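Asks: PDB, C-alpha atoms and all ligand atoms, file final.pdb:
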ATOM      1  CA  MET Z  25      88.201 114.670 102.525  1.00  0.00           C
ATOM      2  CA  THR Z  26      91.595 114.662 100.882  1.00  0.00           C
ATOM      3  CA  LEU Z  27      93.541 111.451 100.990  1.00  0.00           C
ATOM      4  CA  THR Z  28      96.988 112.974 100.824  1.00  0.00           C
ATOM      5  CA  HIS Z  29      98.576 109.802 102.123  1.00  0.00           C
ATOM      6  CA  THR Z  30      97.692 108.025  98.866  1.00  0.00           C
ATOM      7  CA  ASP Z  31      98.653 110.985  96.707  1.00  0.00           C
ATOM      8  CA  PRO Z  32     102.230 110.891  95.390  1.00  0.00           C
ATOM      9  CA  GLU Z  33     104.144 114.145  95.338  1.00  0.00           C
ATOM     10  CA  HIS Z  34     107.116 112.709  93.491  1.00  0.00           C
ATOM     11  CA  ILE Z  35     107.909 109.289  92.030  1.00  0.00           C
ATOM     12  CA  ALA Z  36     111.451 108.153  91.247  1.00  0.00           C
ATOM     13  CA  VAL Z  37     111.817 104.991  89.199  1.00  0.00           C
ATOM     14  CA  SER Z  38     114.848 102.794  88.713  1.00  0.00           C
ATOM     15  CA  LYS Z  39     114.089  99.729  86.607  1.00  0.00           C
ATOM     16  CA  SER Z  40     116.777  97.685  88.318  1.00  0.00           C
ATOM     17  CA  LYS Z  41     116.408  98.973  91.870  1.00  0.00           C
ATOM     18  CA  GLY Z  42     112.780  99.830  92.365  1.00  0.00           C
ATOM     19  CA  ILE Z  43     110.486 102.747  93.015  1.00  0.00           C
ATOM     20  CA  GLU Z  44     110.672 105.552  95.526  1.00  0.00           C
ATOM     21  CA  ILE Z  45     107.655 107.690  96.289  1.00  0.00           C
ATOM     22  CA  ASP Z  46     107.381 110.916  98.219  1.00  0.00           C
ATOM     23  CA  TRP Z  47     103.795 111.248  99.365  1.00  0.00           C
ATOM     24  CA  LYS Z  48     101.949 114.518  99.755  1.00  0.00           C
ATOM     25  CA  ASP Z  49     101.600 113.931 103.465  1.00  0.00           C
ATOM     26  CA  GLY Z  50     105.394 113.997 103.736  1.00  0.00           C
ATOM     27  CA  HIS Z  51     105.917 110.249 103.994  1.00  0.00           C
ATOM     28  CA  HIS Z  52     108.609 108.518 101.931  1.00  0.00           C
ATOM     29  CA  SER Z  53     108.372 104.978 100.620  1.00  0.00           C
ATOM     30  CA  SER Z  54     111.081 102.905  98.980  1.00  0.00           C
ATOM     31  CA  TYR Z  55     110.162  99.667  97.216  1.00  0.00           C
ATOM     32  CA  GLY Z  56     112.731  97.210  95.903  1.00  0.00           C
ATOM     33  CA  VAL Z  57     111.969  95.407  92.650  1.00  0.00           C
ATOM     34  CA  ASP Z  58     111.630  92.021  94.304  1.00  0.00           C
ATOM     35  CA  TYR Z  59     109.298  93.462  96.891  1.00  0.00           C
ATOM     36  CA  LEU Z  60     107.117  95.041  94.226  1.00  0.00           C
ATOM     37  CA  ARG Z  61     106.932  91.786  92.302  1.00  0.00           C
ATOM     38  CA  ASP Z  62     105.997  89.904  95.439  1.00  0.00           C
ATOM     39  CA  TRP Z  63     103.149  92.325  96.023  1.00  0.00           C
ATOM     40  CA  CYS Z  64     101.865  92.315  92.450  1.00  0.00           C
ATOM     41  CA  PRO Z  65      98.139  92.885  92.904  1.00  0.00           C
ATOM     42  CA  CYS Z  66      96.973  91.066  89.755  1.00  0.00           C
ATOM     43  CA  ALA Z  67      94.605  88.119  89.919  1.00  0.00           C
ATOM     44  CA  THR Z  68      97.259  85.619  88.884  1.00  0.00           C
ATOM     45  CA  CYS Z  69      99.737  86.605  91.571  1.00  0.00           C
ATOM     46  CA  THR Z  70      97.184  86.905  94.345  1.00  0.00           C
ATOM     47  CA  GLY Z  71      95.319  83.735  93.414  1.00  0.00           C
ATOM     48  CA  ALA Z  72      92.048  85.636  93.110  1.00  0.00           C
ATOM     49  CA  HIS Z  73      90.602  83.235  90.534  1.00  0.00           C
ATOM     50  CA  GLY Z  74      91.468  80.023  92.293  1.00  0.00           C
ATOM     51  CA  THR Z  75      94.935  79.932  90.801  1.00  0.00           C
ATOM     52  CA  GLU Z  76      97.867  79.143  92.997  1.00  0.00           C
ATOM     53  CA  PRO Z  77      99.255  82.393  94.408  1.00  0.00           C
ATOM     54  CA  ARG Z  78     102.763  83.178  93.420  1.00  0.00           C
ATOM     55  CA  PRO Z  79     104.957  82.274  96.380  1.00  0.00           C
ATOM     56  CA  LYS Z  80     106.183  85.270  98.284  1.00  0.00           C
ATOM     57  CA  THR Z  81     109.812  85.103  99.244  1.00  0.00           C
ATOM     58  CA  ALA Z  82     110.421  88.469 100.828  1.00  0.00           C
ATOM     59  CA  ALA Z  83     106.977  89.839 101.215  1.00  0.00           C
ATOM     60  CA  THR Z  84     106.573  89.903 104.915  1.00  0.00           C
ATOM     61  CA  LYS Z  85     105.782  93.274 106.372  1.00  0.00           C
ATOM     62  CA  THR Z  86     107.944  92.913 109.391  1.00  0.00           C
ATOM     63  CA  SER Z  87     110.400  95.269 110.942  1.00  0.00           C
ATOM     64  CA  GLU Z  88     113.224  92.776 110.597  1.00  0.00           C
ATOM     65  CA  PRO Z  89     116.357  94.421 109.254  1.00  0.00           C
ATOM     66  CA  ALA Z  90     116.596  94.115 105.509  1.00  0.00           C
ATOM     67  CA  ASN Z  91     119.342  92.063 104.006  1.00  0.00           C
ATOM     68  CA  PRO Z  92     121.978  94.692 103.167  1.00  0.00           C
ATOM     69  CA  PHE Z  93     122.949  92.815 100.028  1.00  0.00           C
ATOM     70  CA  GLN Z  94     119.425  92.366  98.774  1.00  0.00           C
ATOM     71  CA  MET Z  95     119.411  95.408  96.542  1.00  0.00           C
ATOM     72  CA  PHE Z  96     122.463  94.213  94.661  1.00  0.00           C
ATOM     73  CA  LYS Z  97     121.089  90.883  93.593  1.00  0.00           C
ATOM     74  CA  SER Z  98     117.486  91.434  92.712  1.00  0.00           C
ATOM     75  CA  ARG Z  99     115.819  88.529  91.003  1.00  0.00           C
ATOM     76  CA  GLU Z 100     113.447  90.768  89.185  1.00  0.00           C
ATOM     77  CA  ARG Z 101     113.730  93.583  86.756  1.00  0.00           C
ATOM     78  CA  MET Z 102     111.162  96.002  85.456  1.00  0.00           C
ATOM     79  CA  VAL Z 103     111.105  96.832  81.762  1.00  0.00           C
ATOM     80  CA  THR Z 104     108.251  99.325  81.689  1.00  0.00           C
ATOM     81  CA  ILE Z 105     106.631 101.475  84.304  1.00  0.00           C
ATOM     82  CA  GLU Z 106     103.726 103.586  83.182  1.00  0.00           C
ATOM     83  CA  THR Z 107     101.168 105.647  84.993  1.00  0.00           C
ATOM     84  CA  VAL Z 108      97.539 104.630  84.751  1.00  0.00           C
ATOM     85  CA  GLY Z 109      95.318 107.664  84.979  1.00  0.00           C
ATOM     86  CA  ASN Z 110      96.108 109.537  88.147  1.00  0.00           C
ATOM     87  CA  TYR Z 111      95.727 106.642  90.461  1.00  0.00           C
ATOM     88  CA  ALA Z 112      98.132 103.837  89.658  1.00  0.00           C
ATOM     89  CA  LEU Z 113     101.326 102.528  88.123  1.00  0.00           C
ATOM     90  CA  ARG Z 114     101.466  99.577  85.759  1.00  0.00           C
ATOM     91  CA  ILE Z 115     104.678  97.577  85.865  1.00  0.00           C
ATOM     92  CA  VAL Z 116     105.806  95.226  83.100  1.00  0.00           C
ATOM     93  CA  TRP Z 117     108.397  92.707  84.260  1.00  0.00           C
ATOM     94  CA  VAL Z 118     111.312  91.270  82.346  1.00  0.00           C
ATOM     95  CA  ASP Z 119     109.525  87.925  82.005  1.00  0.00           C
ATOM     96  CA  GLY Z 120     106.629  89.642  80.256  1.00  0.00           C
ATOM     97  CA  HIS Z 121     104.278  89.715  83.210  1.00  0.00           C
ATOM     98  CA  GLY Z 122     102.440  93.022  83.182  1.00  0.00           C
ATOM     99  CA  SER Z 123      98.906  92.703  84.424  1.00  0.00           C
ATOM    100  CA  GLY Z 124      99.549  94.186  87.825  1.00  0.00           C
ATOM    101  CA  ILE Z 125      98.074  97.639  88.354  1.00  0.00           C
ATOM    102  CA  TYR Z 126      99.619  99.122  91.454  1.00  0.00           C
ATOM    103  CA  SER Z 127      97.208 101.735  92.690  1.00  0.00           C
ATOM    104  CA  PHE Z 128      98.764 104.372  94.895  1.00  0.00           C
ATOM    105  CA  GLY Z 129      96.529 103.174  97.691  1.00  0.00           C
ATOM    106  CA  HIS Z 130      97.965  99.688  97.291  1.00  0.00           C
ATOM    107  CA  LEU Z 131     101.501 101.027  97.173  1.00  0.00           C
ATOM    108  CA  ARG Z 132     100.988 103.081 100.275  1.00  0.00           C
ATOM    109  CA  SER Z 133      99.472 100.136 102.095  1.00  0.00           C
ATOM    110  CA  ILE Z 134     102.485  97.936 101.305  1.00  0.00           C
ATOM    111  CA  CYS Z 135     105.055 100.581 102.247  1.00  0.00           C
ATOM    112  CA  PRO Z 136     107.884  98.505 103.693  1.00  0.00           C
ATOM    113  CA  CYS Z 137     109.222 101.092 106.125  1.00  0.00           C
ATOM    114  CA  ALA Z 138     109.327 100.286 109.811  1.00  0.00           C
ATOM    115  CA  ALA Z 139     106.710 102.869 110.726  1.00  0.00           C
ATOM    116  CA  CYS Z 140     104.153 101.464 108.287  1.00  0.00           C
ATOM    117  CA  ALA Z 141     104.946  97.888 109.235  1.00  0.00           C
ATOM    118  CA  ALA Z 142     104.101  98.809 112.804  1.00  0.00           C
ATOM    119  CA  ALA Z 143     100.979 100.765 111.901  1.00  0.00           C
ATOM    120  CA  PRO Z 144      99.730  99.912 108.409  1.00  0.00           C
ATOM    121  CA  ALA Z 145      98.014 102.717 106.532  1.00  0.00           C
ATOM    122  CA  GLN Z 146      94.427 102.252 105.499  1.00  0.00           C
ATOM    123  CA  ALA Z 147      94.269 101.261 101.854  1.00  0.00           C
TER     124      ALA Z 147
HETATM  125 ZN    ZN Z 201     100.936  89.679  88.824  1.00  0.00          ZN
HETATM  126 ZN    ZN Z 202     106.016 103.873 105.265  1.00  0.00          ZN
END
Output the file's structure in the form of structure tokens.
Replies:
Amino acid sequence: MTLTHTDPEHIAVSKSKGIEIDWKDGHHSSYGVDYLRDWCPCATCTGAHGTEPRPKTAATKTSEPANPFQMFKSRERMVTIETVGNYALRIVWVDGHGSGIYSFGHLRSICPCAACAAAPAQA
């Protein structure tokens, strides 16, 4: 079984704006920097070890219209984006936080587009 929906065909990175991914199944995902930071999958941000989860400000997967000005005043900024093997991206943030490994499965599951918000992909 080939999981093309978690296989990126093309990844475009802008450290100030975010990441865009074209998936092999033809889907397109666009993640703003703030959104990516809010969905950081590391233990600290998710509270996996009993720590207080980082508060999410814009992390709701709803189909509400996005704030049109949001992309121009991102709180966050990425300083390094590197691929991890063939399965993930590691993002280092401007404040030095860099323990989040964003697997492509995770990225696909948090795709903020209206279609995915209505019918979330299986991670
Ligand atoms: Zn984190
Ligand atoms: Zn989507």
Asks: Mind checking which residues fall within 10 Å of stretch 26-37 of chain Z, counting all atoms listed in the file, ignoring those fewer than 5 positions away in the same chain, and posting them as an NGL selection string?
Replies: :Z and (42-55 or 102 or 105 or 110-112 or 127-133 or 145-147)
Asks: Kindly export the residues of the current selection with C-alpha atoms, as a PDB file, in the frame of the given file.
Replies:
ATOM      1  CA  GLY Z  42     112.780  99.830  92.365  1.00  0.00           C
ATOM      2  CA  ILE Z  43     110.486 102.747  93.015  1.00  0.00           C
ATOM      3  CA  GLU Z  44     110.672 105.552  95.526  1.00  0.00           C
ATOM      4  CA  ILE Z  45     107.655 107.690  96.289  1.00  0.00           C
ATOM      5  CA  ASP Z  46     107.381 110.916  98.219  1.00  0.00           C
ATOM      6  CA  TRP Z  47     103.795 111.248  99.365  1.00  0.00           C
ATOM      7  CA  LYS Z  48     101.949 114.518  99.755  1.00  0.00           C
ATOM      8  CA  ASP Z  49     101.600 113.931 103.465  1.00  0.00           C
ATOM      9  CA  GLY Z  50     105.394 113.997 103.736  1.00  0.00           C
ATOM     10  CA  HIS Z  51     105.917 110.249 103.994  1.00  0.00           C
ATOM     11  CA  HIS Z  52     108.609 108.518 101.931  1.00  0.00           C
ATOM     12  CA  SER Z  53     108.372 104.978 100.620  1.00  0.00           C
ATOM     13  CA  SER Z  54     111.081 102.905  98.980  1.00  0.00           C
ATOM     14  CA  TYR Z  55     110.162  99.667  97.216  1.00  0.00           C
ATOM     15  CA  MET Z 102     111.162  96.002  85.456  1.00  0.00           C
ATOM     16  CA  ILE Z 105     106.631 101.475  84.304  1.00  0.00           C
ATOM     17  CA  ASN Z 110      96.108 109.537  88.147  1.00  0.00           C
ATOM     18  CA  TYR Z 111      95.727 106.642  90.461  1.00  0.00           C
ATOM     19  CA  ALA Z 112      98.132 103.837  89.658  1.00  0.00           C
ATOM     20  CA  SER Z 127      97.208 101.735  92.690  1.00  0.00           C
ATOM     21  CA  PHE Z 128      98.764 104.372  94.895  1.00  0.00           C
ATOM     22  CA  GLY Z 129      96.529 103.174  97.691  1.00  0.00           C
ATOM     23  CA  HIS Z 130      97.965  99.688  97.291  1.00  0.00           C
ATOM     24  CA  LEU Z 131     101.501 101.027  97.173  1.00  0.00           C
ATOM     25  CA  ARG Z 132     100.988 103.081 100.275  1.00  0.00           C
ATOM     26  CA  SER Z 133      99.472 100.136 102.095  1.00  0.00           C
ATOM     27  CA  ALA Z 145      98.014 102.717 106.532  1.00  0.00           C
ATOM     28  CA  GLN Z 146      94.427 102.252 105.499  1.00  0.00           C
ATOM     29  CA  ALA Z 147      94.269 101.261 101.854  1.00  0.00           C
TER      30      ALA Z 147
END
Asks: Name all residues at most 9 Å from Z:Trp63 (count only C-alpha atoms; drop same-chain ones fewer than 2 positions away) and give them as JSON, numbers by chain.
Replies: {"Z": [58, 59, 60, 61, 65, 66, 69, 70, 80, 83, 126, 131, 134]}
Asks: Ligand ZN 201 (chain Z): which residues are within 7 Å, counting all atoms listed in the file? Reply as a list in words.
Replies: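 What falls inside 7 Å of ligand ZN 201 (chain Z) is Cys64, Pro65, Cys66, Ala67, Thr68, Cys69, His121, Gly122, Ser123 and Gly124 of chain Z.
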Asks: How would you write, as a PyMOL selection string, the set of residues no farther than 6 Å from ligand ZN 202 (chain Z) when counting only C-alpha atoms and all ligand atoms?
Replies: chain Z and resi 53+135-137+139-140
Asks: In Å, how far is it from atom CA of Z:Asp62 to atom CA of Z:Ile125?
Replies: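 Between atom CA of Z:Asp62 and atom CA of Z:Ile125 the gap is 13.1 Å.
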Asks: Please compute the atom CA of Z:Val118-atom CA of Z:Ala72 distance, one decimal, in Å.
Replies: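 Distance between the two atoms: 22.8 Å.
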Asks: Identify the residues within 10 Å of coordinate (109.6, 101.2, 80.8) (same frame as the file), considering all atoms listed in the file, and give the answer as a PyMOL selection string.
Replies: chain Z and resi 37-39+102-106+114-117
Asks: Where atoms are absent from stretch 36-53 of chain Z, fill them in so it carries N, CA and C atoms, then output it as a PDB file, keeping the file's coordinate frame.
Replies:
ATOM      1  N   ALA Z  36     110.162 108.402  91.886  1.00  0.00           N
ATOM      2  CA  ALA Z  36     111.451 108.153  91.247  1.00  0.00           C
ATOM      3  C   ALA Z  36     111.543 106.671  90.913  1.00  0.00           C
ATOM      4  N   VAL Z  37     111.821 106.375  89.654  1.00  0.00           N
ATOM      5  CA  VAL Z  37     111.817 104.991  89.199  1.00  0.00           C
ATOM      6  C   VAL Z  37     113.203 104.576  88.744  1.00  0.00           C
ATOM      7  N   SER Z  38     113.652 103.438  89.239  1.00  0.00           N
ATOM      8  CA  SER Z  38     114.848 102.794  88.713  1.00  0.00           C
ATOM      9  C   SER Z  38     114.449 101.378  88.334  1.00  0.00           C
ATOM     10  N   LYS Z  39     114.590 101.026  87.059  1.00  0.00           N
ATOM     11  CA  LYS Z  39     114.089  99.729  86.607  1.00  0.00           C
ATOM     12  C   LYS Z  39     114.825  98.560  87.237  1.00  0.00           C
ATOM     13  N   SER Z  40     116.039  98.785  87.706  1.00  0.00           N
ATOM     14  CA  SER Z  40     116.777  97.685  88.318  1.00  0.00           C
ATOM     15  C   SER Z  40     116.693  97.706  89.840  1.00  0.00           C
ATOM     16  N   LYS Z  41     116.399  98.874  90.411  1.00  0.00           N
ATOM     17  CA  LYS Z  41     116.408  98.973  91.870  1.00  0.00           C
ATOM     18  C   LYS Z  41     115.024  99.061  92.485  1.00  0.00           C
ATOM     19  N   GLY Z  42     114.110  99.724  91.796  1.00  0.00           N
ATOM     20  CA  GLY Z  42     112.780  99.830  92.365  1.00  0.00           C
ATOM     21  C   GLY Z  42     112.210 101.225  92.250  1.00  0.00           C
ATOM     22  N   ILE Z  43     111.234 101.498  93.086  1.00  0.00           N
ATOM     23  CA  ILE Z  43     110.486 102.747  93.015  1.00  0.00           C
ATOM     24  C   ILE Z  43     110.537 103.449  94.365  1.00  0.00           C
ATOM     25  N   GLU Z  44     110.745 104.749  94.310  1.00  0.00           N
ATOM     26  CA  GLU Z  44     110.672 105.552  95.526  1.00  0.00           C
ATOM     27  C   GLU Z  44     109.566 106.577  95.345  1.00  0.00           C
ATOM     28  N   ILE Z  45     108.770 106.738  96.369  1.00  0.00           N
ATOM     29  CA  ILE Z  45     107.655 107.690  96.289  1.00  0.00           C
ATOM     30  C   ILE Z  45     107.694 108.628  97.482  1.00  0.00           C
ATOM     31  N   ASP Z  46     107.626 109.918  97.181  1.00  0.00           N
ATOM     32  CA  ASP Z  46     107.381 110.916  98.219  1.00  0.00           C
ATOM     33  C   ASP Z  46     105.891 111.234  98.184  1.00  0.00           C
ATOM     34  N   TRP Z  47     105.234 111.013  99.297  1.00  0.00           N
ATOM     35  CA  TRP Z  47     103.795 111.248  99.365  1.00  0.00           C
ATOM     36  C   TRP Z  47     103.510 112.683  99.790  1.00  0.00           C
ATOM     37  N   LYS Z  48     102.306 113.132  99.443  1.00  0.00           N
ATOM     38  CA  LYS Z  48     101.949 114.518  99.755  1.00  0.00           C
ATOM     39  C   LYS Z  48     101.806 114.781 101.244  1.00  0.00           C
ATOM     40  N   ASP Z  49     101.652 113.720 102.018  1.00  0.00           N
ATOM     41  CA  ASP Z  49     101.600 113.931 103.465  1.00  0.00           C
ATOM     42  C   ASP Z  49     102.985 113.936 104.090  1.00  0.00           C
ATOM     43  N   GLY Z  50     104.036 113.892 103.226  1.00  0.00           N
ATOM     44  CA  GLY Z  50     105.394 113.997 103.736  1.00  0.00           C
ATOM     45  C   GLY Z  50     106.072 112.655 103.966  1.00  0.00           C
ATOM     46  N   HIS Z  51     105.332 111.568 103.787  1.00  0.00           N
ATOM     47  CA  HIS Z  51     105.917 110.249 103.994  1.00  0.00           C
ATOM     48  C   HIS Z  51     106.754 109.857 102.779  1.00  0.00           C
ATOM     49  N   HIS Z  52     107.767 109.004 103.019  1.00  0.00           N
ATOM     50  CA  HIS Z  52     108.609 108.518 101.931  1.00  0.00           C
ATOM     51  C   HIS Z  52     108.590 106.996 101.923  1.00  0.00           C
ATOM     52  N   SER Z  53     108.391 106.433 100.738  1.00  0.00           N
ATOM     53  CA  SER Z  53     108.372 104.978 100.620  1.00  0.00           C
ATOM     54  C   SER Z  53     109.408 104.544  99.596  1.00  0.00           C
TER      55      SER Z  53
END
